[in-house]
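Source file: run.txt; contents: compact mmCIF, C-alpha atoms.
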```txt
# COMPACT_ATOMS: atom_id res chain seq x y z
CA HIS A 94 102.23 203.80 -60.72
CA VAL A 95 99.02 205.77 -61.14
CA ILE A 96 98.21 205.27 -57.43
CA LEU A 97 101.82 206.02 -56.53
CA ALA A 98 101.69 209.36 -58.36
CA ILE A 99 98.29 210.22 -56.83
CA TYR A 100 99.59 209.63 -53.30
CA ARG A 101 102.64 211.79 -53.96
CA ILE A 102 100.58 214.60 -55.50
CA PHE A 103 98.13 214.69 -52.57
CA SER A 104 101.01 214.58 -50.09
CA THR A 105 102.58 217.62 -51.73
CA LEU A 106 99.29 219.51 -52.01
CA VAL A 107 98.43 219.02 -48.34
CA VAL A 108 101.78 220.43 -47.23
CA GLY A 109 101.95 223.10 -49.93
CA LEU A 110 104.18 223.32 -52.97
CA GLY A 111 106.89 225.52 -51.50
CA GLU A 112 110.19 224.46 -53.07
CA GLU A 113 108.73 221.20 -54.37
CA LYS A 114 107.28 222.63 -57.58
CA LEU A 115 109.59 220.61 -59.83
CA VAL A 116 108.80 217.37 -57.97
CA PHE A 117 105.09 218.17 -58.14
CA CYS A 118 105.28 218.78 -61.90
CA VAL A 119 107.17 215.52 -62.46
CA ASP A 120 104.58 213.60 -60.40
CA CYS A 121 101.76 215.18 -62.43
CA ALA A 122 103.53 214.30 -65.68
CA GLY A 123 103.96 210.72 -64.48
CA LEU A 124 100.27 210.49 -63.54
CA PHE A 125 98.97 211.84 -66.85
CA GLY A 126 101.51 209.80 -68.81
CA ALA A 127 100.46 206.59 -67.06
CA LEU A 128 96.76 207.33 -67.61
CA ALA A 129 97.36 208.12 -71.29
CA ILE A 130 99.24 204.86 -71.83
CA LEU A 131 96.54 202.87 -70.05
CA LYS A 132 93.77 204.46 -72.13
CA TRP A 133 95.25 204.69 -75.61
CA GLU A 134 97.81 201.90 -75.67
CA PHE A 135 96.13 199.25 -73.51
CA GLY A 136 92.49 200.29 -73.99
CA PHE A 137 91.99 200.38 -70.22
CA PRO A 138 88.71 202.06 -69.12
CA MET A 139 89.11 205.29 -67.13
CA SER A 140 86.50 204.31 -64.56
CA PRO A 141 87.56 203.86 -60.90
CA LEU A 142 84.79 201.27 -60.56
CA ARG A 143 86.58 199.16 -63.14
CA TRP A 144 89.94 199.74 -61.47
CA ILE A 145 88.86 198.23 -58.17
CA GLU A 146 87.82 195.05 -59.99
CA HIS A 147 91.54 194.25 -60.29
CA TYR A 148 91.70 192.69 -56.85
CA ASP A 149 95.45 192.07 -56.91
CA VAL A 150 96.31 195.75 -57.41
CA ARG A 151 93.50 196.89 -55.10
CA ASN A 152 94.63 194.61 -52.26
CA LEU A 153 98.27 195.63 -52.62
CA VAL A 154 97.33 199.32 -52.47
CA LEU A 155 95.19 198.72 -49.38
CA LEU A 156 97.99 196.74 -47.76
CA ALA A 157 100.52 199.49 -48.50
CA SER A 158 98.17 202.18 -47.18
CA LEU A 159 97.41 200.28 -43.96
CA GLY A 160 101.11 199.55 -43.51
CA ALA A 161 101.96 203.24 -43.85
CA PHE A 162 99.33 204.26 -41.30
CA ALA A 163 100.36 201.49 -38.90
CA SER A 164 104.06 202.39 -39.08
CA HIS A 165 103.35 206.05 -38.32
CA ALA A 166 100.92 205.14 -35.53
CA PHE A 167 103.60 202.87 -34.03
CA PHE A 168 106.10 205.72 -33.71
CA VAL A 169 103.49 208.18 -32.42
CA ILE A 170 101.89 205.91 -29.82
CA LEU A 171 104.76 203.72 -28.60
CA GLN A 172 107.77 205.98 -29.24
CA PRO A 173 110.51 203.33 -28.86
CA SER A 174 113.53 204.16 -26.74
CA TRP A 175 115.89 203.98 -29.71
CA MET A 176 114.20 206.97 -31.38
CA SER A 177 116.31 210.13 -31.47
CA SER A 178 115.12 213.30 -29.77
CA VAL A 179 114.55 214.93 -33.16
CA THR A 180 112.39 212.02 -34.32
CA ARG A 181 110.44 212.12 -31.05
CA ALA A 182 109.76 215.81 -31.49
CA THR A 183 108.36 215.25 -34.98
CA SER A 184 106.34 212.17 -33.99
CA GLN A 185 103.85 213.73 -31.59
CA GLU A 186 100.89 213.19 -33.90
CA ILE A 187 100.02 211.35 -37.09
CA HIS A 188 100.93 213.66 -39.97
CA ILE A 189 98.67 212.94 -42.93
CA PRO A 190 101.12 214.16 -45.65
CA SER A 191 103.82 211.91 -44.18
CA VAL A 192 101.42 208.96 -44.15
CA LEU A 193 100.55 209.61 -47.80
CA PHE A 194 104.21 209.87 -48.77
CA THR A 195 105.05 206.67 -46.88
CA ALA A 196 102.10 204.93 -48.53
CA ALA A 197 103.47 206.05 -51.91
CA ASN A 198 106.83 204.49 -51.03
CA TYR A 199 105.17 201.24 -49.97
CA VAL A 200 103.13 201.17 -53.20
CA ASP A 201 106.40 201.68 -55.07
CA ILE A 202 107.87 198.64 -53.29
CA VAL A 203 105.01 196.35 -54.36
CA ALA A 204 104.46 197.96 -57.79
CA PHE A 205 105.78 194.97 -59.75
CA MET A 206 104.04 192.27 -57.72
CA PRO A 207 101.04 192.09 -60.13
CA VAL A 208 103.45 191.50 -63.03
CA VAL A 209 105.18 188.69 -61.16
CA TRP A 210 101.82 187.19 -60.22
CA ARG A 211 100.59 187.30 -63.83
CA LEU A 212 103.76 185.62 -65.05
CA TYR A 213 103.36 182.91 -62.44
CA GLN A 214 99.78 182.34 -63.56
CA ALA A 215 100.85 182.24 -67.21
CA GLU A 216 103.35 179.47 -66.51
CA GLU A 217 100.59 177.27 -65.13
CA ALA A 218 98.06 178.12 -67.83
CA GLU A 219 97.25 175.78 -70.70
CA ASP A 220 98.56 178.26 -73.26
CA SER A 221 102.03 178.22 -71.73
CA ARG A 222 102.33 174.55 -72.61
CA THR A 223 101.17 174.95 -76.20
CA GLY A 224 103.35 177.97 -77.02
CA LEU A 225 102.48 181.62 -77.48
CA THR A 226 103.39 183.95 -80.31
CA VAL A 227 104.05 187.55 -79.34
CA THR A 228 102.10 189.73 -81.77
CA GLY A 229 103.16 193.14 -83.05
CA SER A 230 100.66 194.94 -80.82
CA MET A 231 101.89 193.02 -77.77
CA LYS A 232 105.48 193.94 -78.57
CA ARG A 233 104.50 197.61 -78.84
CA GLN A 234 102.66 197.48 -75.51
CA ILE A 235 105.68 195.93 -73.80
CA GLN A 236 108.01 198.52 -75.35
CA VAL A 237 105.75 201.40 -74.31
CA PHE A 238 105.38 200.00 -70.79
CA PHE A 239 109.10 199.62 -70.21
CA GLY A 240 109.77 202.98 -71.86
CA PHE A 241 107.48 204.60 -69.31
CA VAL A 242 108.92 202.63 -66.39
CA ILE A 243 112.51 203.48 -67.32
CA ALA A 244 111.64 207.17 -67.72
CA PHE A 245 109.77 207.12 -64.40
CA TYR A 246 112.68 205.62 -62.49
CA MET A 247 115.25 207.69 -64.35
CA TRP A 248 113.80 210.55 -62.33
CA ASP A 249 113.24 208.56 -59.12
CA ASP A 250 116.58 206.75 -59.03
CA VAL A 251 118.95 209.05 -60.92
CA LEU A 252 117.94 212.68 -61.34
CA ASP A 253 116.12 213.32 -58.05
CA PRO A 254 118.76 211.61 -55.88
CA VAL A 255 121.54 213.55 -57.64
CA MET A 256 119.75 216.78 -56.76
CA THR A 257 118.77 215.90 -53.17
CA LEU A 258 120.84 212.98 -51.81
CA LEU A 259 124.46 213.76 -52.66
CA ASP A 260 125.27 213.85 -48.93
CA GLU A 261 123.73 210.39 -48.38
CA PRO A 262 125.94 207.88 -50.27
CA LEU A 263 124.10 204.78 -49.01
CA ALA A 264 120.78 206.08 -50.30
CA MET A 265 122.44 206.95 -53.61
CA MET A 266 123.85 203.42 -53.85
CA ALA A 267 120.43 201.90 -53.15
CA HIS A 268 118.81 204.00 -55.89
CA ALA A 269 121.59 203.13 -58.34
CA ALA A 270 121.29 199.41 -57.60
CA HIS A 271 117.52 199.57 -58.08
CA PHE A 272 117.88 201.34 -61.44
CA VAL A 273 120.49 198.88 -62.71
CA LEU A 274 118.25 195.97 -61.67
CA LEU A 275 115.35 197.60 -63.51
CA LEU A 276 117.44 198.03 -66.67
CA ASP A 277 118.43 194.38 -66.51
CA PHE A 278 114.79 193.33 -66.02
CA ALA A 279 113.59 195.51 -68.90
CA GLY A 280 116.42 194.43 -71.18
CA PHE A 281 115.65 190.76 -70.61
CA PHE A 282 111.96 191.23 -71.38
CA LEU A 283 112.58 193.34 -74.48
CA PHE A 284 115.14 190.86 -75.76
CA GLN A 285 112.76 187.96 -75.15
CA VAL A 286 109.70 189.45 -76.88
CA ASN A 287 111.71 190.50 -79.93
CA GLN A 288 112.83 186.94 -80.64
CA PRO A 289 111.15 185.27 -83.65
CA THR A 290 110.43 182.11 -81.65
CA THR A 291 107.37 181.48 -79.54
CA VAL A 292 107.45 181.88 -75.80
CA LYS A 293 107.52 178.13 -75.31
CA GLU A 294 110.39 177.61 -77.76
CA TYR A 295 112.40 180.38 -76.14
CA SER A 296 111.77 178.93 -72.68
CA GLU A 297 112.97 175.51 -73.85
CA GLN A 298 116.10 177.06 -75.38
CA LEU A 299 116.80 178.93 -72.14
CA GLN A 300 116.33 175.79 -70.05
CA GLY A 301 118.69 173.91 -72.39
CA LEU A 302 121.37 176.57 -71.96
CA LEU A 303 121.01 176.48 -68.18
CA ALA A 304 121.22 172.68 -68.15
CA LYS A 305 124.36 172.82 -70.30
CA ASP A 306 125.95 175.33 -67.91
CA ASP A 307 125.16 173.05 -64.96
CA GLU A 308 126.81 170.09 -66.70
CA GLU A 309 129.93 172.15 -67.38
CA ASP A 310 130.06 173.31 -63.75
CA ASN A 311 129.80 169.70 -62.54
CA CYS A 312 132.71 168.73 -64.76
```
Can the structure in the file be given as structure tokens, please?
Amino acid sequence: HVILAIYRIFSTLVVGLGEEKLVFCVDCAGLFGALAILKWEFGFPMSPLRWIEHYDVRNLVLLASLGAFASHAFFVILQPSWMSSVTRATSQEIHIPSVLFTAANYVDIVAFMPVVWRLYQAEEAEDSRTGLTVTGSMKRQIQVFFGFVIAFYMWDDVLDPVMTLLDEPLAMMAHAAHFVLLLDFAGFFLFQVNQPTTVKEYSEQLQGLLAKDDEEDNC
């Protein structure tokens, strides 16, 4: 989300603020909020050299950036026949602010991939078989993280679309579905970490409930 905010800020600055002052301020607040949480809550070093050591995030950002450039180059160079005349007129050259904004959207799409990858690794780790106890500091970090994420997407999926996309119901529906999915995801995690049992015990309980439901369905 730090990279996402940086891409959006640079995209706005290259074009000029104009009527986007509120959006620019929100993006700046998101950037500084994310950096503050990383530094003071997670103890993450504020050195870009240390950031690029996280190969999973680094590779996803590079992939999103290359994908954004390639998609814009495709429309500029090939100009498919199904493009409208308006789109053709605006696709005569690669527009750097548009590439940055598209890259920000692609980064947004893959933003939770590192979390999924870490969870997958944790399942296969030795500790996942012996049971883990969620400490108080870990609970606070999870609560702060999801608090930030919900606030971030409250703007992205609710407030901003209400102000700019009222005439595009499909886009509004997509944002609403994404926000509801995020709330469900956050609620599940927060419920899980606040249980008194260990991670292993909770996983076994959950598997037992699922197995019981399957037996009832078969009956």
Q) Which of these, A:Gln285, A:Ser158, A:Asn198, A:Ser104, has the shortest distance to Gln236 of chain A once you count only C-alpha atoms? A) A:Gln285
Q: Please return, as a count of residues only, all polymer residues that have at least one atom within 12 Å of the point (99.0, 210.4, -55.0); use only C-alpha atoms and the file's own coordinate frame.
A: 33
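By chain and then residue number, the residues within 10 Å of Ala279 of chain A are Ile235, Gln236, Phe238, Phe239, Gly240, Val242, Ile243, Val273, Leu274, Leu275, Leu276, Phe282, Leu283, Phe284 and Gln285 of chain A, counting only C-alpha atoms and disregarding those fewer than 3 positions away in sequence.
Using all atoms listed in the file for every distance, the candidate list A:Ile189, A:Met256, A:Leu110, A:Met206 yields A:Met206 as the residue closest to Asn152 of chain A.
As for atom CA of Ala269 of chain A and atom CA of Val237 of chain A, they are spaced 22.6 Å apart.
If only C-alpha atoms are the atoms counted, then among A:Val286, A:Ala122, A:Trp144, A:Ile187 the closest residue to Ala163 of chain A is A:Ile187.
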